[in-house]
Structure formats: structure tokens, C-alpha cells
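A.B. asks: Got a structure for you, protein28.cif, holding mmCIF, C-alpha atoms and all ligand atoms.
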```cif
data_work
#
loop_
_atom_site.label_atom_id
_atom_site.label_comp_id
_atom_site.auth_asym_id
_atom_site.auth_seq_id
_atom_site.Cartn_x
_atom_site.Cartn_y
_atom_site.Cartn_z
CA MET A 1035 6.98 -12.01 16.34
CA LYS A 1036 8.36 -15.43 17.18
CA VAL A 1037 9.20 -17.89 14.40
CA THR A 1038 10.38 -21.43 15.12
CA LEU A 1039 11.36 -24.13 12.65
CA LEU A 1040 9.32 -26.96 14.18
CA SER A 1041 10.36 -29.72 11.81
CA PHE A 1042 11.77 -30.40 8.37
CA THR A 1043 12.54 -33.28 6.00
CA PRO A 1044 15.55 -35.13 7.43
CA ASP A 1045 18.68 -34.39 5.42
CA PRO A 1046 16.70 -32.21 2.97
CA GLU A 1047 19.58 -31.46 0.61
CA ARG A 1048 20.51 -35.15 0.23
CA VAL A 1049 16.86 -36.04 -0.50
CA VAL A 1050 16.54 -33.35 -3.17
CA ALA A 1051 19.90 -34.24 -4.71
CA ALA A 1052 19.10 -37.98 -4.72
CA SER A 1053 15.80 -37.27 -6.49
CA ALA A 1054 17.60 -35.15 -9.07
CA ARG A 1055 20.33 -37.77 -9.53
CA GLN A 1056 17.73 -40.42 -10.28
CA CYS A 1057 16.34 -38.24 -13.08
CA TYR A 1058 19.71 -38.15 -14.81
CA SER A 1059 21.05 -41.68 -14.24
CA LYS A 1060 20.00 -45.32 -14.40
CA PHE A 1061 20.53 -45.71 -10.64
CA SER A 1062 17.77 -45.48 -8.07
CA ALA A 1063 17.20 -42.59 -5.67
CA THR A 1064 17.79 -45.07 -2.81
CA ARG A 1065 21.28 -45.78 -4.08
CA ALA A 1066 21.94 -42.09 -4.73
CA LEU A 1067 20.76 -41.20 -1.22
CA ARG A 1068 23.35 -43.58 0.18
CA ASP A 1069 26.26 -42.89 -2.17
CA LEU A 1070 26.22 -39.18 -2.97
CA THR A 1071 29.15 -37.24 -1.55
CA ASP A 1072 28.73 -33.73 -0.17
CA ALA A 1073 30.39 -32.39 -3.33
CA ASP A 1074 27.93 -34.36 -5.51
CA ILE A 1075 25.01 -32.91 -3.53
CA GLN A 1076 26.25 -29.35 -3.93
CA ARG A 1077 26.84 -29.83 -7.65
CA LEU A 1078 23.42 -31.39 -8.23
CA LEU A 1079 21.62 -28.71 -6.23
CA LYS A 1080 23.38 -25.96 -8.17
CA LYS A 1081 22.45 -27.68 -11.44
CA VAL A 1082 18.73 -28.09 -10.70
CA ILE A 1083 18.34 -24.61 -9.23
CA GLU A 1084 20.14 -22.87 -12.09
CA SER A 1085 18.44 -24.94 -14.79
CA GLY A 1086 14.94 -24.35 -13.39
CA HIS A 1087 14.35 -28.05 -12.67
CA HIS A 1088 12.63 -26.91 -9.48
CA SER A 1089 10.12 -29.74 -9.04
CA VAL A 1090 12.79 -31.75 -7.20
CA LEU A 1091 12.81 -29.03 -4.52
CA GLU A 1092 9.29 -30.12 -3.61
CA HIS A 1093 10.68 -33.21 -1.86
CA ALA A 1094 11.98 -31.11 1.05
CA SER A 1095 9.40 -29.62 3.41
CA PHE A 1096 9.73 -27.20 6.32
CA THR A 1097 7.24 -26.58 9.13
CA PHE A 1098 7.23 -23.31 11.07
CA ALA A 1099 5.40 -22.23 14.21
CA ILE A 1100 4.64 -18.53 13.96
CA GLU A 1101 3.39 -16.47 16.90
CA GLY A 1102 2.71 -12.80 17.45
CA ILE A 1103 1.89 -11.73 13.93
CA SER A 1104 -1.19 -9.66 13.16
CA ARG A 1105 -4.28 -10.97 11.43
CA ALA A 1106 -3.38 -8.55 8.61
CA CYS A 1107 -0.11 -10.41 8.17
CA SER A 1108 -1.58 -13.90 8.46
CA HIS A 1109 -4.12 -12.99 5.79
CA GLN A 1110 -1.26 -12.11 3.43
CA LEU A 1111 0.55 -15.32 4.39
CA VAL A 1112 -2.35 -17.66 3.63
CA ARG A 1113 -2.65 -16.21 0.13
CA HIS A 1114 0.32 -18.48 -0.62
CA ARG A 1115 -1.71 -21.52 -1.66
CA ILE A 1116 1.09 -24.04 -2.11
CA ALA A 1117 1.37 -24.59 1.64
CA SER A 1118 -0.46 -26.17 4.58
CA TYR A 1119 -1.76 -24.07 7.46
CA SER A 1120 -3.18 -24.56 10.96
CA GLN A 1121 -4.25 -21.28 12.53
CA GLN A 1122 -5.44 -20.65 16.08
CA SER A 1123 -9.21 -20.40 15.86
CA GLN A 1124 -11.04 -17.27 16.98
CA ARG A 1125 -14.18 -19.40 17.16
CA TYR A 1126 -12.88 -21.85 19.75
CA VAL A 1127 -10.24 -19.77 21.53
CA LYS A 1128 -11.48 -16.75 23.48
CA LEU A 1129 -8.80 -14.09 23.65
CA ASP A 1130 -8.20 -12.99 27.26
CA GLU A 1131 -5.30 -10.59 27.05
CA ILE A 1132 -4.87 -9.17 23.56
CA ASP A 1133 -1.39 -7.86 22.82
CA PHE A 1134 -2.12 -5.92 19.63
CA ILE A 1135 0.52 -5.55 16.90
CA ILE A 1136 1.39 -1.87 16.43
CA PRO A 1137 3.07 -0.73 13.20
CA GLU A 1138 6.14 1.44 13.74
CA SER A 1139 4.64 4.23 11.58
CA ILE A 1140 2.01 4.65 14.32
CA ASN A 1141 4.10 3.69 17.34
CA ARG A 1142 6.74 6.37 16.74
CA ASP A 1143 4.22 9.21 16.97
CA ASP A 1144 2.91 9.85 20.52
CA LYS A 1145 -0.39 11.34 19.38
CA LEU A 1146 -1.14 8.69 16.76
CA ARG A 1147 -0.10 5.91 19.13
CA SER A 1148 -2.42 7.11 21.85
CA GLU A 1149 -5.36 7.49 19.42
CA PHE A 1150 -4.65 4.04 18.02
CA TYR A 1151 -4.56 2.49 21.50
CA GLU A 1152 -7.79 4.26 22.37
CA ALA A 1153 -9.53 2.65 19.39
CA LEU A 1154 -8.03 -0.76 20.18
CA GLU A 1155 -9.15 -0.51 23.81
CA LEU A 1156 -12.71 0.19 22.62
CA CYS A 1157 -12.60 -2.94 20.44
CA LYS A 1158 -11.17 -5.01 23.28
CA THR A 1159 -13.73 -3.76 25.81
CA CYS A 1160 -16.59 -4.41 23.40
CA TYR A 1161 -15.25 -7.92 22.62
CA LYS A 1162 -15.14 -8.80 26.33
CA LYS A 1163 -18.61 -7.31 26.92
CA LEU A 1164 -20.07 -9.36 24.07
CA LEU A 1165 -18.55 -12.54 25.52
CA GLU A 1166 -19.91 -11.67 29.00
CA GLU A 1167 -23.36 -11.20 27.46
CA GLY A 1168 -23.17 -14.73 26.09
CA VAL A 1169 -22.38 -13.90 22.47
CA PRO A 1170 -20.33 -16.82 21.07
CA ALA A 1171 -16.65 -16.10 20.43
CA GLU A 1172 -17.21 -16.78 16.72
CA ASP A 1173 -19.48 -13.71 16.58
CA ALA A 1174 -17.78 -11.52 19.21
CA ARG A 1175 -14.57 -11.67 17.12
CA TYR A 1176 -16.20 -9.51 14.44
CA VAL A 1177 -15.27 -6.47 16.49
CA LEU A 1178 -11.58 -7.37 16.63
CA PRO A 1179 -9.23 -5.35 14.40
CA GLN A 1180 -6.53 -6.54 11.99
CA ALA A 1181 -3.95 -5.68 14.68
CA THR A 1182 -5.14 -8.72 16.66
CA PRO A 1183 -2.31 -11.22 17.12
CA THR A 1184 -2.52 -14.80 15.89
CA LYS A 1185 -0.60 -18.05 15.93
CA ILE A 1186 -0.21 -20.20 12.85
CA VAL A 1187 1.71 -23.30 11.81
CA VAL A 1188 2.77 -23.38 8.18
CA THR A 1189 4.40 -26.10 6.11
CA MET A 1190 5.91 -25.26 2.74
CA ASN A 1191 8.17 -27.20 0.45
CA ALA A 1192 11.43 -25.65 -0.69
CA ARG A 1193 10.08 -24.68 -4.10
CA SER A 1194 7.13 -22.85 -2.62
CA LEU A 1195 9.39 -21.21 -0.05
CA MET A 1196 11.59 -19.89 -2.88
CA ASN A 1197 8.52 -18.29 -4.44
CA PHE A 1198 7.42 -16.95 -1.05
CA PHE A 1199 10.85 -15.38 -0.44
CA GLU A 1200 10.93 -13.84 -3.92
CA LEU A 1201 7.64 -12.08 -3.26
CA ARG A 1202 7.83 -11.34 0.45
CA CYS A 1203 11.51 -10.57 1.07
CA CYS A 1204 11.11 -7.76 -1.48
CA LEU A 1205 11.06 -4.21 -0.10
CA SER A 1206 7.69 -3.79 -1.85
CA ALA A 1207 6.16 -6.31 0.53
CA GLN A 1208 4.69 -4.96 3.75
CA TRP A 1209 7.13 -4.72 6.67
CA GLU A 1210 5.47 -7.38 8.82
CA ILE A 1211 5.31 -10.19 6.26
CA ARG A 1212 8.76 -9.16 5.04
CA ARG A 1213 10.11 -9.54 8.57
CA LEU A 1214 8.41 -12.93 8.78
CA ALA A 1215 9.83 -14.04 5.41
CA GLU A 1216 13.34 -12.89 6.37
CA GLU A 1217 13.08 -14.80 9.65
CA MET A 1218 11.93 -17.96 7.84
CA LEU A 1219 14.71 -17.58 5.27
CA SER A 1220 17.34 -17.31 7.97
CA LEU A 1221 15.99 -20.48 9.65
CA VAL A 1222 15.96 -22.62 6.50
CA LYS A 1223 19.42 -21.39 5.50
CA GLN A 1224 20.74 -22.99 8.69
CA VAL A 1225 19.46 -26.46 7.73
CA ALA A 1226 19.58 -26.32 3.92
CA PRO A 1227 22.29 -23.74 3.10
CA HIS A 1228 22.87 -24.84 -0.49
CA ILE A 1229 19.20 -24.99 -1.46
CA PHE A 1230 18.58 -21.51 -0.11
CA GLU A 1231 22.01 -20.02 -0.82
CA ASN A 1232 20.68 -17.54 -3.37
CA ALA A 1233 17.08 -17.38 -2.12
CA GLY A 1234 15.54 -13.97 -1.53
CA PRO A 1235 13.68 -11.30 -3.49
CA PHE A 1236 13.55 -11.35 -7.30
CA CYS A 1237 16.41 -8.85 -7.51
CA VAL A 1238 18.64 -11.42 -5.79
CA THR A 1239 17.40 -14.60 -7.49
CA ARG A 1240 16.76 -13.32 -11.00
CA LYS A 1241 18.54 -9.98 -11.10
CA VAL A 1242 15.32 -8.28 -12.18
CA CYS A 1243 12.89 -5.98 -10.44
CA PRO A 1244 9.32 -6.90 -11.46
CA GLU A 1245 8.16 -3.71 -9.68
CA LYS A 1246 10.66 -1.68 -11.76
CA LYS A 1247 11.63 0.21 -8.60
CA TYR A 1248 15.20 1.02 -9.54
CA GLU A 1249 15.43 3.63 -6.80
CA CYS A 1250 14.95 0.83 -4.26
CA PRO A 1251 17.86 0.77 -1.77
CA LYS A 1252 18.18 -2.99 -2.25
CA TRP A 1253 18.54 -2.63 -6.03
CA ILE A 1254 21.10 0.13 -5.61
CA GLU A 1255 22.99 -1.89 -3.00
CA LEU A 1256 23.11 -4.94 -5.28
CA TYR A 1257 23.77 -3.33 -8.63
CA LYS A 1258 25.14 0.05 -7.64
CA LYS A 1259 22.95 1.84 -10.10
CA SER A 1260 19.64 3.62 -9.90
CA THR A 1261 18.41 3.18 -13.45
CA VAL A 1262 18.43 0.43 -16.03
C1 LIG A 1301 3.94 -6.72 -3.00
C2 LIG A 1301 2.67 -7.53 -3.10
C3 LIG A 1301 1.46 -6.89 -3.28
C4 LIG A 1301 0.28 -7.63 -3.40
N1 LIG A 1301 -0.91 -6.99 -3.55
C5 LIG A 1301 -2.05 -7.70 -3.68
C6 LIG A 1301 -3.31 -7.05 -3.88
O1 LIG A 1301 -3.39 -5.83 -3.94
N2 LIG A 1301 -4.43 -7.82 -3.98
C7 LIG A 1301 -4.37 -9.19 -3.94
O2 LIG A 1301 -5.42 -9.85 -4.06
N3 LIG A 1301 -3.21 -9.83 -3.75
C8 LIG A 1301 -2.04 -9.13 -3.61
N4 LIG A 1301 -0.87 -9.78 -3.41
C9 LIG A 1301 -0.88 -11.24 -3.26
C10 LIG A 1301 -0.42 -11.94 -4.56
O3 LIG A 1301 -1.25 -11.60 -5.65
C11 LIG A 1301 -0.43 -13.47 -4.38
O4 LIG A 1301 -1.75 -13.92 -4.13
C12 LIG A 1301 0.42 -13.93 -3.23
O5 LIG A 1301 1.66 -13.26 -3.22
C13 LIG A 1301 0.66 -15.44 -3.35
O6 LIG A 1301 1.57 -15.66 -4.41
P1 LIG A 1301 1.49 -16.93 -5.34
O7 LIG A 1301 0.16 -17.04 -6.00
O8 LIG A 1301 2.69 -16.88 -6.24
O9 LIG A 1301 1.71 -18.12 -4.26
P2 LIG A 1301 1.04 -19.56 -4.26
O10 LIG A 1301 -0.41 -19.47 -4.11
O11 LIG A 1301 1.79 -20.32 -3.20
O12 LIG A 1301 1.33 -20.14 -5.67
C14 LIG A 1301 2.68 -20.47 -6.05
C15 LIG A 1301 2.72 -20.57 -7.56
O13 LIG A 1301 1.93 -21.70 -7.96
C16 LIG A 1301 1.26 -21.37 -9.18
N5 LIG A 1301 -0.17 -21.43 -8.92
C17 LIG A 1301 -0.80 -21.53 -7.71
N6 LIG A 1301 -2.13 -21.59 -7.87
C18 LIG A 1301 -2.36 -21.50 -9.20
C19 LIG A 1301 -3.52 -21.48 -9.98
N7 LIG A 1301 -4.75 -21.55 -9.47
N8 LIG A 1301 -3.39 -21.38 -11.32
C20 LIG A 1301 -2.18 -21.30 -11.89
N9 LIG A 1301 -1.01 -21.29 -11.20
C21 LIG A 1301 -1.11 -21.40 -9.87
C22 LIG A 1301 1.73 -19.98 -9.60
O14 LIG A 1301 2.85 -20.12 -10.44
C23 LIG A 1301 2.16 -19.36 -8.29
O15 LIG A 1301 3.13 -18.33 -8.43
C24 LIG A 1301 0.31 -9.05 -3.30
C25 LIG A 1301 1.56 -9.68 -3.13
C26 LIG A 1301 2.71 -8.95 -3.02
C27 LIG A 1301 4.02 -9.67 -2.82
#
```
Reformat the file's structure so that it appears as C-alpha cells.
C.D. replies:
Amino acid sequence: MKVTLLSFTPDPERVVAASARQCYSKFSATRALRDLTDADIQRLLKKVIESGHHSVLEHASFTFAIEGISRACSHQLVRHRIASYSQQSQRYVKLDEIDFIIPESINRDDKLRSEFYEALELCKTCYKKLLEEGVPAEDARYVLPQATPTKIVVTMNARSLMNFFELRCCLSAQWEIRRLAEEMLSLVKQVAPHIFENAGPFCVTRKVCPEKKYECPKWIELYKKSTV
């Protein structure tokens, strides 16, 4: 999996803080954008995040290029509706070499891995045969499995990203989308450290476990207890 932060709102924390400042003062966001000190920005961000005034976080957007995730993972990703997506088309792009995504639970077992590869090879061979026979790529793709890799560009605002991290950085989320979410979180933390300072799964942001999995290693690590 390769995740790149392609672009983001310039000075995202200043923009969010200036928007928040305007809500609470008679001065304009333009003036706040110019005059706010770094300390003001940190204070305002803390205030809006802690108070739940999260709509101001929507003024900062982040665009990621994601490569080498499975179609299973991209399907989970696009369930997050408050986002914009551009995914490589299987109608227009014929896949030449397909580097399938193999889950570790299969990869670590020699027998399972070889059976899995055998099935994938059958799919790949059939896909190529269908294309050679003149079947359009949009129909030939029906034989491709969920392990097929894809590329997708996604843009989310900071508020939606917070929600995405709460759901997908959780140990209950599947390993692939969790890895993706963790990668995205580490990228946005580099450019908006105060917005995303406490971002992560629900147990981090809200100190609750909606799944009630108190035996979860993350819960135990955070709260040093296995029951509530
Ligand atoms: C561990 C896990 C297991 C899951 N299992 C399943 C499963 O078995 N089957 C399945 O179908 N899905 C499953 N999902 C997907 C899940 O139900 C959500 O579709 C997905 O996580 C997107 O979350 P979201 O709706 O909060 O995100 P977004 O679509 O980005 O929405 C963000 C927020 O906006 C608000 N919102 C968006 N659209 C609406 C709307 N139409 N009406 C009201 N409010 C709205 C909500 O507050 C929502 O939380 C699973 C997710 C996780 C994390």
C-alpha cells in the first residue's frame, strides 16, 4: 500500500482557527487569519474540538493518492460518504499485470497461500482470455476477485477524517483499512498536528469503546484495565 498526501488546504490550522474566531468575535475571518498568533490558533483549536463545535473543521481539506489497496478495502473506504473519490476504472483500464493483495492470515500458511494463488491465477487467466476474445474490459472484470488492487484519490475534510479515524483506526476495523487509516492519520498529523493531536479510534477520542471490547489490547494499553 502506498499513501501520499497529494494536497491540502494551505495553512489548515490557521484557516480553521480564523473561522472559529469569527464566530466568537466582531472581527472578520480575514483579520483573524492575519492576526492570530500560534498560541491563539492552538487555544482556538482546542476549544472547538473539545466543545464539539466541529463544523469549523470542515474548512480544511486533505487529498490523498492511495495505491495498492484491494477492491475489498476500497469498497469499505467509499462507504464514507462525506468525501470525494476518483477511482481507477476497471471499465477503461485493462489490467495487464495484476499484483493481488494477499492477507497475512493466508500468506503465512504455505498450503493456504498456494491454494489461494492457484485460484487467483485461474481468475487472471480467465480475465486475459476474455479480453483476447474481445469481451470488453467492463464485462471481463466480473471474474476479478476482491484481492484485485486499485488506485483511488480521496479528499476529506478534517471533520470527516476525524470520523473516519474513529471508525477505521479501531482494532475492530479490518487490518487493511486500518493500516490505510493509520497511514492517513500519520500524514495529516505532520501538516495539522493540533487538529489531529487526539485523533484516532473512539477509545482515544472519547474514552469509550462502542464495541464494548474491553479485552482489546488497545483498551488495556490505554486504560490499564480489562473491564469497566
Ligand atoms: C468495524 C466496522 C464494521 C462495519 N460493518 C458493516 C457491515 O457489516 N455492513 C455495512 O453495511 N456496513 C458496515 N460498516 C460500515 C459503516 O456502517 C459505515 O457505513 C461506514 O463506516 C461509514 O461511516 P459513516 O456513515 O459514519 O461515514 P460517512 O458516510 O462519511 O458519514 C459521516 C457522518 O455523517 C452523517 N451522515 C452521513 N450520511 C448521513 C445520512 N444519510 N443521514 C444521516 N446522517 C448522515 C453521520 O453522522 C455519519 O456518521 C462497518 C464499519 C466498521 C467501522
A.B. asks: Build an axis-aligned box that encloses every atom of stretch 1104-1122 of chain A listed in the file, pad it by 6 Å on each side, and report its centre and edge lengths in Å to one decimal, as lines of an AutoDock Vina configuration file.
C.D. replies:
```
center_x = -2.0
center_y = -17.4
center_z = 7.0
size_x = 18.8
size_y = 29.6
size_z = 30.2
```
A.B. asks: Using atom CA of A:Arg1048 and atom CA of A:Val1188 as the two end points, give the distance in Å to one decimal.
C.D. replies: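 Distance reported for this atom pair: 22.7 Å.
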A.B. asks: Using only C-alpha atoms, can you list as an MDAnalysis selection string the residues within 10 Å of (-9.7, -17.5, 17.0)?
C.D. replies: chainID A and resid 1121:1129 1171:1172 1175 1182:1185
A.B. asks: Find the nearest atom pair between each residue of chain A and ligand LIG 1301 (chain A) for residues within 6 Å, count only C-alpha atoms and all ligand atoms, give distances in Å to one decimal, sort rows by chain and ascending number, and present the table as JSON lines.
C.D. replies:
```
{"residue": "A:Arg1113", "atom": "CA", "partner": "A:LIG1301", "partner_atom": "C13", "distance": 4.9}
{"residue": "A:His1114", "atom": "CA", "partner": "A:LIG1301", "partner_atom": "O11", "distance": 3.5}
{"residue": "A:Arg1115", "atom": "CA", "partner": "A:LIG1301", "partner_atom": "O10", "distance": 3.4}
{"residue": "A:Ile1116", "atom": "CA", "partner": "A:LIG1301", "partner_atom": "O11", "distance": 3.9}
{"residue": "A:Ser1194", "atom": "CA", "partner": "A:LIG1301", "partner_atom": "O11", "distance": 5.9}
{"residue": "A:Leu1201", "atom": "CA", "partner": "A:LIG1301", "partner_atom": "C27", "distance": 4.4}
{"residue": "A:Arg1202", "atom": "CA", "partner": "A:LIG1301", "partner_atom": "C27", "distance": 5.3}
{"residue": "A:Ser1206", "atom": "CA", "partner": "A:LIG1301", "partner_atom": "C1", "distance": 4.9}
{"residue": "A:Ala1207", "atom": "CA", "partner": "A:LIG1301", "partner_atom": "C1", "distance": 4.2}
```
A.B. asks: Report as a ChimeraX atom specification all protein, DNA and RNA residues lying within 10 Å of A:Ser1095, evaluated on all atoms listed in the file, omitting residues in the same chain fewer than 3 positions from it.
C.D. replies: /A:1041-1044,1046,1091-1092,1117,1189-1195
A.B. asks: Would you list the contacts of A:Glu1155 as a JSON list (two decimals) with C-alpha atoms, in the coordinates of the input, taking every protein, DNA or RNA residue within 12 Å and counting only C-alpha atoms, but skipping same-chain residues closer than 3 positions in sequence?
C.D. replies:
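Written file, part07.json:
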```
[["chain", "number", "residue", "atom", "x", "y", "z"],
["A", 1131, "GLU", "CA", -5.30, -10.59, 27.05],
["A", 1132, "ILE", "CA", -4.87, -9.17, 23.56],
["A", 1133, "ASP", "CA", -1.39, -7.86, 22.82],
["A", 1134, "PHE", "CA", -2.12, -5.92, 19.63],
["A", 1148, "SER", "CA", -2.42, 7.11, 21.85],
["A", 1149, "GLU", "CA", -5.36, 7.49, 19.42],
["A", 1150, "PHE", "CA", -4.65, 4.04, 18.02],
["A", 1151, "TYR", "CA", -4.56, 2.49, 21.50],
["A", 1152, "GLU", "CA", -7.79, 4.26, 22.37],
["A", 1158, "LYS", "CA", -11.17, -5.01, 23.28],
["A", 1159, "THR", "CA", -13.73, -3.76, 25.81],
["A", 1160, "CYS", "CA", -16.59, -4.41, 23.40],
["A", 1161, "TYR", "CA", -15.25, -7.92, 22.62],
["A", 1162, "LYS", "CA", -15.14, -8.80, 26.33],
["A", 1177, "VAL", "CA", -15.27, -6.47, 16.49],
["A", 1178, "LEU", "CA", -11.58, -7.37, 16.63],
["A", 1179, "PRO", "CA", -9.23, -5.35, 14.40],
["A", 1181, "ALA", "CA", -3.95, -5.68, 14.68],
["A", 1182, "THR", "CA", -5.14, -8.72, 16.66]]
```
A.B. asks: Atom CA of A:His1109 and atom CA of A:Leu1039, how far apart in Å?
C.D. replies: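 Atom-to-atom, atom CA of A:Leu1039 to atom CA of A:His1109, that is 20.3 Å.
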A.B. asks: Have a look at A:Leu1165, A:Ala1051, A:Cys1157, A:Pro1244 and name the one nearest to A:Leu1079; count only C-alpha atoms.
C.D. replies: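 Looking only at the distances to A:Leu1079, the closest residue turns out to be A:Ala1051.
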A.B. asks: Between atom CA of A:Ile1254 and atom CA of A:Arg1213, measure the distance and give it in Å to one decimal.
C.D. replies: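 Between atom CA of A:Ile1254 and atom CA of A:Arg1213 the gap works out to 20.4 Å.
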A.B. asks: Quick one: residues within 10 Å of (15.7, -0.3, -9.5) (file frame), counting only C-alpha atoms, please, as a list in words.
C.D. replies: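 Checking each residue against the 10 Å limit leaves Cys1237, Val1242, Cys1243, Pro1244, Glu1245, Lys1246, Lys1247, Tyr1248, Glu1249, Cys1250, Pro1251, Lys1252, Trp1253, Ile1254, Glu1255, Leu1256, Tyr1257, Lys1258, Lys1259, Ser1260, Thr1261 and Val1262 of chain A.
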A.B. asks: Using all atoms listed in the file, can you tell me which of A:Met1196, A:Leu1078, A:Val1112, A:Ala1073 comes closest to A:Arg1240?
C.D. replies: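 Looking at the shortest contact to A:Arg1240, the residue is A:Met1196.
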A.B. asks: Kindly indicate which residue among A:Ile1100, A:Cys1057, A:Leu1111, A:Ala1066 lies nearest to A:Gln1208, using only C-alpha atoms for the distances.
C.D. replies: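 Closest candidate: A:Leu1111.
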A.B. asks: Pick out the closest residue to A:Ser1139 from this set: A:Glu1210, A:Gly1102, A:Gln1076, A:Leu1156. Count all atoms listed in the file.
C.D. replies: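 Closest to A:Ser1139 of all the choices is A:Glu1210.
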A.B. asks: Quick one: residues within 10 Å of A:Asp1069, all atoms listed in the file, excluding same-chain residues fewer than 4 positions away - as a list in words?
C.D. replies: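 Listed by chain and then number, they are Arg1048, Ala1052, Ala1063, Thr1064, Arg1065 and Asp1074 of chain A.
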A.B. asks: Of the candidates A:Asp1072, A:Glu1047, A:Glu1138, A:Glu1101, which one gets nearest to A:Trp1209 if we count all atoms listed in the file?
C.D. replies: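 The shortest atom-to-atom distance to A:Trp1209 comes from A:Glu1138.
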A.B. asks: Using all atoms listed in the file, which residue out of A:Ile1135, A:Tyr1176, A:Phe1198, A:Arg1212 lies closest to A:Arg1105?
C.D. replies: A:Ile1135
A.B. asks: Fix up stretch 1157-1176 of chain A with N, CA and C atoms, then write it as a CSV table (one decimal), in the frame of the given file.
C.D. replies:
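Here's the written file rebuild.csv:
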```
chain,number,residue,atom,x,y,z
A,1157,CYS,N,-12.3,-1.6,21.1
A,1157,CYS,CA,-12.6,-2.9,20.4
A,1157,CYS,C,-12.5,-4.1,21.5
A,1158,LYS,N,-11.4,-4.0,22.3
A,1158,LYS,CA,-11.2,-5.0,23.3
A,1158,LYS,C,-12.3,-5.0,24.3
A,1159,THR,N,-12.7,-3.9,24.8
A,1159,THR,CA,-13.7,-3.8,25.8
A,1159,THR,C,-15.0,-4.3,25.2
A,1160,CYS,N,-15.3,-3.9,24.0
A,1160,CYS,CA,-16.6,-4.4,23.4
A,1160,CYS,C,-16.6,-5.9,23.2
A,1161,TYR,N,-15.4,-6.5,22.8
A,1161,TYR,CA,-15.2,-7.9,22.6
A,1161,TYR,C,-15.5,-8.6,23.9
A,1162,LYS,N,-14.9,-8.1,25.0
A,1162,LYS,CA,-15.1,-8.8,26.3
A,1162,LYS,C,-16.6,-8.7,26.8
A,1163,LYS,N,-17.2,-7.5,26.5
A,1163,LYS,CA,-18.6,-7.3,26.9
A,1163,LYS,C,-19.5,-8.3,26.2
A,1164,LEU,N,-19.3,-8.4,24.9
A,1164,LEU,CA,-20.1,-9.4,24.1
A,1164,LEU,C,-20.0,-10.8,24.6
A,1165,LEU,N,-18.7,-11.2,25.0
A,1165,LEU,CA,-18.6,-12.5,25.5
A,1165,LEU,C,-19.3,-12.7,26.8
A,1166,GLU,N,-19.2,-11.6,27.7
A,1166,GLU,CA,-19.9,-11.7,29.0
A,1166,GLU,C,-21.4,-11.8,28.8
A,1167,GLU,N,-21.9,-11.2,27.7
A,1167,GLU,CA,-23.4,-11.2,27.5
A,1167,GLU,C,-23.8,-12.5,26.8
A,1168,GLY,N,-22.8,-13.4,26.6
A,1168,GLY,CA,-23.2,-14.7,26.1
A,1168,GLY,C,-23.1,-14.9,24.6
A,1169,VAL,N,-22.6,-13.8,23.9
A,1169,VAL,CA,-22.4,-13.9,22.5
A,1169,VAL,C,-21.2,-14.9,22.2
A,1170,PRO,N,-21.4,-15.9,21.3
A,1170,PRO,CA,-20.3,-16.8,21.1
A,1170,PRO,C,-19.1,-16.1,20.5
A,1171,ALA,N,-17.9,-16.7,20.9
A,1171,ALA,CA,-16.6,-16.1,20.4
A,1171,ALA,C,-16.6,-15.9,18.9
A,1172,GLU,N,-17.2,-16.9,18.2
A,1172,GLU,CA,-17.2,-16.8,16.7
A,1172,GLU,C,-17.9,-15.5,16.2
A,1173,ASP,N,-18.8,-15.0,17.0
A,1173,ASP,CA,-19.5,-13.7,16.6
A,1173,ASP,C,-18.8,-12.5,17.2
A,1174,ALA,N,-18.4,-12.6,18.5
A,1174,ALA,CA,-17.8,-11.5,19.2
A,1174,ALA,C,-16.5,-11.1,18.5
A,1175,ARG,N,-15.8,-12.0,17.8
A,1175,ARG,CA,-14.6,-11.7,17.1
A,1175,ARG,C,-14.8,-10.7,16.0
A,1176,TYR,N,-16.0,-10.5,15.5
A,1176,TYR,CA,-16.2,-9.5,14.4
A,1176,TYR,C,-15.8,-8.1,14.8
```
